[in-house]
>>> print(open('my_file00.csv').read())   # CSV, C-alpha atoms
chain,number,residue,atom,x,y,z
A,1,MET,CA,16.5,-15.9,-24.9
A,2,PHE,CA,14.8,-19.2,-25.5
A,3,ALA,CA,18.1,-21.1,-25.7
A,4,ARG,CA,18.7,-20.6,-22.0
A,5,LEU,CA,15.3,-21.5,-20.8
A,6,PRO,CA,14.7,-24.9,-19.2
A,7,PRO,CA,12.6,-27.1,-21.5
A,8,VAL,CA,9.3,-27.2,-19.7
A,9,THR,CA,9.2,-23.5,-19.0
A,10,GLN,CA,10.0,-22.9,-22.7
A,11,ALA,CA,7.3,-25.3,-23.9
A,12,MET,CA,4.7,-23.7,-21.6
A,13,LEU,CA,5.6,-20.2,-22.8
A,14,ILE,CA,5.3,-21.3,-26.4
A,15,ALA,CA,2.1,-23.3,-25.8
A,16,ASN,CA,0.4,-20.4,-24.2
A,17,VAL,CA,1.4,-18.0,-26.9
A,18,VAL,CA,0.3,-20.4,-29.7
A,19,VAL,CA,-3.1,-21.0,-28.0
A,20,PHE,CA,-3.6,-17.2,-27.6
A,21,LEU,CA,-2.8,-16.7,-31.3
A,22,LEU,CA,-5.4,-19.4,-32.1
A,23,GLN,CA,-7.9,-17.6,-29.9
A,24,LEU,CA,-7.3,-14.4,-31.8
A,25,MET,CA,-7.7,-16.1,-35.2
A,26,LEU,CA,-10.6,-18.4,-34.4
A,27,GLY,CA,-12.4,-16.5,-31.7
A,28,ASN,CA,-13.1,-17.3,-28.1
A,29,ALA,CA,-16.4,-19.1,-29.0
A,30,THR,CA,-14.3,-21.8,-30.6
A,31,PHE,CA,-12.5,-22.4,-27.2
A,32,SER,CA,-15.6,-22.3,-25.0
A,33,THR,CA,-15.5,-26.0,-24.2
A,34,PHE,CA,-11.9,-25.6,-22.9
A,35,MET,CA,-12.7,-22.7,-20.6
A,36,LEU,CA,-13.5,-23.6,-17.0
A,37,TRP,CA,-17.3,-23.4,-16.5
A,38,PRO,CA,-19.0,-23.7,-13.1
A,39,PRO,CA,-20.9,-26.9,-12.5
A,40,GLN,CA,-24.5,-26.7,-13.6
A,41,GLY,CA,-24.9,-30.5,-14.1
A,42,PHE,CA,-22.9,-32.9,-16.1
A,43,ASP,CA,-23.9,-33.4,-19.7
A,44,PRO,CA,-21.1,-35.0,-21.8
A,45,PHE,CA,-23.2,-34.5,-25.0
A,46,SER,CA,-23.4,-30.7,-24.5
A,47,PRO,CA,-20.0,-29.5,-23.3
A,48,ALA,CA,-20.5,-25.8,-24.2
A,49,GLN,CA,-20.8,-23.6,-21.2
A,50,ASN,CA,-20.9,-26.6,-18.9
A,51,PHE,CA,-18.2,-28.1,-16.7
A,52,GLN,CA,-16.2,-30.9,-18.2
A,53,PRO,CA,-13.2,-32.6,-16.5
A,54,TRP,CA,-10.6,-31.6,-19.0
A,55,GLN,CA,-11.3,-28.0,-18.3
A,56,LEU,CA,-9.4,-28.3,-15.0
A,57,LEU,CA,-6.2,-28.1,-17.1
A,58,SER,CA,-7.3,-26.6,-20.5
A,59,TYR,CA,-8.4,-23.3,-19.0
A,60,GLY,CA,-4.9,-22.7,-17.9
A,61,PHE,CA,-3.7,-22.3,-21.5
A,62,LEU,CA,-6.4,-19.7,-22.5
A,63,HIS,CA,-6.2,-16.0,-21.9
A,64,GLY,CA,-8.6,-13.1,-22.1
A,65,SER,CA,-6.3,-10.4,-23.4
A,66,PHE,CA,-2.8,-9.7,-24.5
A,67,GLY,CA,-2.1,-8.0,-21.1
A,68,HIS,CA,-3.4,-11.1,-19.3
A,69,LEU,CA,-1.1,-13.3,-21.4
A,70,LEU,CA,1.9,-11.0,-21.0
A,71,PHE,CA,1.9,-10.8,-17.2
A,72,ASN,CA,1.2,-14.5,-16.8
A,73,MET,CA,4.1,-15.4,-19.2
A,74,LEU,CA,6.4,-12.9,-17.5
A,75,ALA,CA,5.7,-14.5,-14.2
A,76,LEU,CA,6.2,-18.0,-15.7
A,77,TYR,CA,9.5,-16.9,-17.1
A,78,MET,CA,10.7,-15.2,-13.9
A,79,PHE,CA,9.6,-17.9,-11.4
A,80,GLY,CA,9.3,-21.0,-13.5
A,81,SER,CA,12.9,-21.1,-14.8
A,82,PRO,CA,14.6,-21.2,-11.4
A,83,LEU,CA,12.1,-23.7,-10.0
A,84,GLU,CA,12.5,-26.0,-13.0
A,85,LEU,CA,16.3,-25.8,-12.7
A,86,THR,CA,16.0,-26.6,-9.0
A,87,TRP,CA,13.4,-29.4,-9.2
A,88,GLY,CA,14.0,-30.8,-12.7
A,89,PRO,CA,11.5,-30.8,-15.6
A,90,ARG,CA,9.2,-33.7,-14.4
A,91,ARG,CA,8.7,-32.4,-10.9
A,92,PHE,CA,8.3,-28.9,-12.1
A,93,LEU,CA,5.6,-29.8,-14.7
A,94,ALA,CA,3.7,-32.0,-12.2
A,95,TYR,CA,3.7,-29.1,-9.6
A,96,TYR,CA,2.6,-26.6,-12.2
A,97,LEU,CA,-0.2,-28.7,-13.5
A,98,ILE,CA,-1.4,-29.6,-10.0
A,99,CYS,CA,-1.5,-25.9,-9.2
A,100,VAL,CA,-3.5,-25.2,-12.3
A,101,ALA,CA,-6.0,-28.0,-11.4
A,102,GLY,CA,-6.1,-27.0,-7.7
A,103,ALA,CA,-6.8,-23.4,-8.6
A,104,GLY,CA,-9.5,-24.6,-11.0
A,105,LEU,CA,-11.1,-26.6,-8.2
A,106,CYS,CA,-11.2,-23.5,-6.0
A,107,GLN,CA,-12.7,-21.5,-8.8
A,108,LEU,CA,-15.3,-24.3,-9.4
A,109,LEU,CA,-16.4,-24.0,-5.8
A,110,VAL,CA,-16.7,-20.2,-6.1
A,111,GLY,CA,-18.5,-20.5,-9.5
A,112,TRP,CA,-20.9,-23.1,-8.1
A,113,TRP,CA,-21.7,-20.8,-5.1
A,114,THR,CA,-22.2,-17.8,-7.4
A,115,VAL,CA,-24.5,-19.7,-9.8
A,116,SER,CA,-26.5,-21.3,-6.9
A,117,ALA,CA,-27.0,-17.8,-5.5
A,118,GLY,CA,-28.6,-16.8,-8.7
A,119,GLY,CA,-25.6,-15.3,-10.5
A,120,PRO,CA,-25.0,-16.0,-14.2
A,121,PRO,CA,-22.4,-18.7,-15.1
A,122,TYR,CA,-19.2,-17.3,-16.4
A,123,PRO,CA,-16.0,-19.0,-17.6
A,124,THR,CA,-12.6,-18.9,-16.0
A,125,LEU,CA,-9.4,-18.8,-18.2
A,126,GLY,CA,-5.7,-18.1,-17.7
A,127,ALA,CA,-2.5,-19.5,-16.3
A,128,SER,CA,-2.8,-17.3,-13.2
A,129,GLY,CA,-3.6,-20.2,-10.8
A,130,GLY,CA,-0.5,-22.1,-11.9
A,131,VAL,CA,1.6,-18.9,-11.9
A,132,PHE,CA,0.5,-18.1,-8.3
A,133,GLY,CA,1.5,-21.6,-7.3
A,134,LEU,CA,5.0,-21.0,-8.8
A,135,LEU,CA,5.1,-17.7,-7.0
A,136,LEU,CA,4.4,-19.4,-3.7
A,137,ALA,CA,7.0,-22.1,-4.3
A,138,TYR,CA,9.6,-19.5,-5.3
A,139,GLY,CA,8.9,-17.5,-2.1
A,140,MET,CA,9.3,-20.6,0.0
A,141,LEU,CA,12.4,-21.9,-1.7
A,142,PHE,CA,14.1,-18.6,-2.2
A,143,PRO,CA,12.6,-16.4,0.6
A,144,SER,CA,15.5,-13.9,0.7
A,145,GLN,CA,15.9,-13.5,-3.1
A,146,ARG,CA,15.2,-9.9,-4.2
A,147,VAL,CA,12.2,-9.4,-6.6
A,148,MET,CA,11.4,-6.1,-8.3
A,149,LEU,CA,7.9,-4.9,-8.6
A,150,LEU,CA,7.0,-3.4,-12.0
A,151,PHE,CA,4.5,-0.8,-10.8
A,152,PRO,CA,5.9,0.9,-8.8
A,153,PRO,CA,9.5,-0.4,-9.1
A,154,ILE,CA,10.2,-1.4,-5.5
A,155,PRO,CA,12.6,-4.2,-4.7
A,156,MET,CA,11.5,-6.6,-2.0
A,157,LYS,CA,12.3,-10.1,-0.7
A,158,ALA,CA,10.4,-12.9,-2.4
A,159,ARG,CA,8.8,-13.9,0.9
A,160,THR,CA,7.4,-10.4,1.3
A,161,PHE,CA,6.3,-10.3,-2.4
A,162,VAL,CA,4.3,-13.6,-2.0
A,163,ILE,CA,2.6,-12.4,1.2
A,164,VAL,CA,1.7,-9.0,-0.3
A,165,PHE,CA,0.3,-10.5,-3.4
A,166,GLY,CA,-1.6,-13.2,-1.5
A,167,ALA,CA,-3.2,-10.6,0.8
A,168,ILE,CA,-4.1,-8.4,-2.1
A,169,GLU,CA,-5.9,-11.3,-3.9
A,170,LEU,CA,-7.8,-12.2,-0.7
A,171,VAL,CA,-8.9,-8.6,-0.2
A,172,LEU,CA,-10.0,-8.3,-3.8
A,173,GLY,CA,-11.8,-11.6,-3.7
A,174,PHE,CA,-13.8,-10.8,-0.6
A,175,THR,CA,-14.6,-7.2,-1.5
A,176,GLY,CA,-15.4,-7.6,-5.1
A,177,TRP,CA,-13.4,-4.4,-5.9
A,178,GLN,CA,-12.1,-6.0,-9.1
A,179,PRO,CA,-14.9,-8.0,-10.6
A,180,GLY,CA,-14.4,-10.5,-13.5
A,181,VAL,CA,-11.1,-11.8,-12.0
A,182,ALA,CA,-10.8,-15.3,-10.4
A,183,HIS,CA,-9.1,-14.0,-7.2
A,184,PHE,CA,-9.8,-17.2,-5.3
A,185,ALA,CA,-8.1,-19.3,-8.0
A,186,HIS,CA,-5.1,-17.1,-7.5
>>> encode(input="my_file00.csv", output="structure tokens")
Amino acid sequence: MFARLPPVTQAMLIANVVVFLLQLMLGNATFSTFMLWPPQGFDPFSPAQNFQPWQLLSYGFLHGSFGHLLFNMLALYMFGSPLELTWGPRRFLAYYLICVAGAGLCQLLVGWWTVSAGGPPYPTLGASGGVFGLLLAYGMLFPSQRVMLLFPPIPMKARTFVIVFGAIELVLGFTGWQPGVAHFAH
């Protein structure tokens, strides 16, 4: 399976799994400074539970559960491979990391708004922002390509798949029906 994967997609899958295994072995508290925390002031001498610039990328390699990791890596495998084969490894990696950082910036804005409204600060973690960026690119480059939903198993065009998932994330983000998920980062 891994022999056929393009190199960056393969490296990203391996890196995410290795980091998740380290999270399981060492505990999430060890990785607190790598999670994306909302801005509460900048203190380089107290990085725990406080925004630090490196978090705009590091949070994208951490995951909250096995299911979170599984679905993100499945999407990275499904959409990342054809994009990397089309764009080449350097352009693919740059795009993916820009998507992770861009999603992080969106989530920082939402986190800042939540904290300034009196809500508690909470960290963001997961590759979902980068994965949703890949999904968007896939839908734009291969709009007529058939994609199969897992639950329920319904085939649809990639363009439709992207629009449906984008709409679902917006609805969930604005309504709060699924709390604890960074819908606006998606």
>>> atom_distance(input="my_file00.csv", atom1="CA of Leu5 (chain A)", atom2="CA of Leu36 (chain A)")
29.1 Å
>>> atom_distance(input="my_file00.csv", atom1="CA of Gly126 (chain A)", atom2="CA of Val8 (chain A)")
17.7 Å
>>> atom_distance(input="my_file00.csv", atom1="CA of Trp37 (chain A)", atom2="CA of Phe51 (chain A)")
4.8 Å
>>> closest_residue(input="my_file00.csv", among="A:Pro6, A:Pro153, A:Gly130, A:Gly139", to="Leu97 (chain A)", atoms="only C-alpha atoms")
A:Gly130
>>> closest_residue(input="my_file00.csv", among="A:Val164, A:Leu108, A:Val171, A:Leu74", to="Asn50 (chain A)", atoms="all atoms listed in the file")
A:Leu108
>>> closest_residue(input="my_file00.csv", among="A:Phe20, A:Tyr138, A:Trp54, A:Phe161", to="Ser81 (chain A)", atoms="all atoms listed in the file")
A:Tyr138
>>> closest_residue(input="my_file00.csv", among="A:Ala29, A:Ala137, A:Val162, A:Ile154", to="Phe92 (chain A)", atoms="all atoms listed in the file")
A:Ala137
>>> residues_around(input="my_file00.csv", residues="Pro7 (chain A)", least_positions_apart="4", cutoff="10 Å", atoms="all atoms listed in the file", output="mmCIF file with C-alpha atoms, in the coordinates of the input")
data_model
loop_
_atom_site.group_PDB
_atom_site.id
_atom_site.type_symbol
_atom_site.label_atom_id
_atom_site.label_comp_id
_atom_site.auth_asym_id
_atom_site.auth_seq_id
_atom_site.Cartn_x
_atom_site.Cartn_y
_atom_site.Cartn_z
ATOM 1 C CA PHE A 2 14.800 -19.200 -25.500
ATOM 2 C CA ALA A 3 18.100 -21.100 -25.700
ATOM 3 C CA ALA A 11 7.300 -25.300 -23.900
ATOM 4 C CA MET A 12 4.700 -23.700 -21.600
ATOM 5 C CA LEU A 13 5.600 -20.200 -22.800
ATOM 6 C CA SER A 81 12.900 -21.100 -14.800
ATOM 7 C CA GLU A 84 12.500 -26.000 -13.000
ATOM 8 C CA LEU A 85 16.300 -25.800 -12.700
ATOM 9 C CA GLY A 88 14.000 -30.800 -12.700
ATOM 10 C CA PRO A 89 11.500 -30.800 -15.600
#
>>> residues_around(input="my_file00.csv", residues="Leu105 (chain A)", least_positions_apart="6", cutoff="12 Å", atoms="all atoms listed in the file", output="number ranges by chain")
A: 36-39, 51, 53-57, 59, 98-99, 111-112, 124, 129, 182, 184-186
>>> closest_residue(input="my_file00.csv", among="A:Phe142, A:Phe61, A:Phe66, A:Phe79", to="Val100 (chain A)", atoms="only C-alpha atoms")
A:Phe61
>>> closest_residue(input="my_file00.csv", among="A:Phe151, A:Trp87, A:Phe71, A:Phe31", to="Val131 (chain A)", atoms="all atoms listed in the file")
A:Phe71
>>> build_atoms(input="my_file00.csv", residues="region 45-69 of chain A", atoms="N, CA and C atoms", output="tab-separated table (two decimals), in the frame of the given file")
chain	number	residue	atom	x	y	z
A	45	PHE	N	-22.76	-34.71	-23.59
A	45	PHE	CA	-23.20	-34.50	-25.00
A	45	PHE	C	-23.41	-33.01	-25.28
A	46	SER	N	-23.29	-32.17	-24.28
A	46	SER	CA	-23.40	-30.70	-24.50
A	46	SER	C	-22.38	-30.01	-23.64
A	47	PRO	N	-21.12	-30.07	-24.10
A	47	PRO	CA	-20.00	-29.50	-23.30
A	47	PRO	C	-19.94	-28.00	-23.25
A	48	ALA	N	-20.58	-27.29	-24.17
A	48	ALA	CA	-20.50	-25.80	-24.20
A	48	ALA	C	-21.10	-25.21	-22.97
A	49	GLN	N	-20.39	-24.31	-22.34
A	49	GLN	CA	-20.80	-23.60	-21.20
A	49	GLN	C	-21.32	-24.53	-20.06
A	50	ASN	N	-20.61	-25.62	-19.90
A	50	ASN	CA	-20.90	-26.60	-18.90
A	50	ASN	C	-19.61	-27.25	-18.44
A	51	PHE	N	-19.48	-27.53	-17.18
A	51	PHE	CA	-18.20	-28.10	-16.70
A	51	PHE	C	-17.95	-29.46	-17.31
A	52	GLN	N	-16.69	-29.64	-17.71
A	52	GLN	CA	-16.20	-30.90	-18.20
A	52	GLN	C	-14.84	-31.14	-17.53
A	53	PRO	N	-14.47	-32.38	-17.22
A	53	PRO	CA	-13.20	-32.60	-16.50
A	53	PRO	C	-11.96	-32.09	-17.08
A	54	TRP	N	-11.86	-32.11	-18.40
A	54	TRP	CA	-10.60	-31.60	-19.00
A	54	TRP	C	-10.40	-30.15	-18.81
A	55	GLN	N	-11.45	-29.42	-18.48
A	55	GLN	CA	-11.30	-28.00	-18.30
A	55	GLN	C	-10.44	-27.63	-17.10
A	56	LEU	N	-10.25	-28.57	-16.17
A	56	LEU	CA	-9.40	-28.30	-15.00
A	56	LEU	C	-7.94	-28.02	-15.43
A	57	LEU	N	-7.55	-28.45	-16.61
A	57	LEU	CA	-6.20	-28.10	-17.10
A	57	LEU	C	-6.28	-27.19	-18.35
A	58	SER	N	-7.26	-27.40	-19.22
A	58	SER	CA	-7.30	-26.60	-20.50
A	58	SER	C	-7.47	-25.14	-20.27
A	59	TYR	N	-8.20	-24.75	-19.24
A	59	TYR	CA	-8.40	-23.30	-19.00
A	59	TYR	C	-7.14	-22.57	-18.76
A	60	GLY	N	-6.13	-23.28	-18.25
A	60	GLY	CA	-4.90	-22.70	-17.90
A	60	GLY	C	-4.01	-22.27	-19.11
A	61	PHE	N	-4.45	-22.61	-20.31
A	61	PHE	CA	-3.70	-22.30	-21.50
A	61	PHE	C	-4.44	-21.19	-22.34
A	62	LEU	N	-5.59	-20.73	-21.86
A	62	LEU	CA	-6.40	-19.70	-22.50
A	62	LEU	C	-6.22	-18.38	-21.79
A	63	HIS	N	-6.30	-17.28	-22.51
A	63	HIS	CA	-6.20	-16.00	-21.90
A	63	HIS	C	-7.17	-15.00	-22.48
A	64	GLY	N	-7.61	-14.03	-21.66
A	64	GLY	CA	-8.60	-13.10	-22.10
A	64	GLY	C	-8.16	-11.89	-22.84
A	65	SER	N	-6.87	-11.57	-22.73
A	65	SER	CA	-6.30	-10.40	-23.40
A	65	SER	C	-4.82	-10.54	-23.54
A	66	PHE	N	-4.25	-9.65	-24.34
A	66	PHE	CA	-2.80	-9.70	-24.50
A	66	PHE	C	-2.11	-9.36	-23.16
A	67	GLY	N	-2.64	-8.39	-22.41
A	67	GLY	CA	-2.10	-8.00	-21.10
A	67	GLY	C	-2.11	-9.21	-20.13
A	68	HIS	N	-3.23	-9.94	-20.13
A	68	HIS	CA	-3.40	-11.10	-19.30
A	68	HIS	C	-2.29	-12.15	-19.62
A	69	LEU	N	-2.13	-12.41	-20.90
A	69	LEU	CA	-1.10	-13.30	-21.40
A	69	LEU	C	0.30	-12.83	-21.00
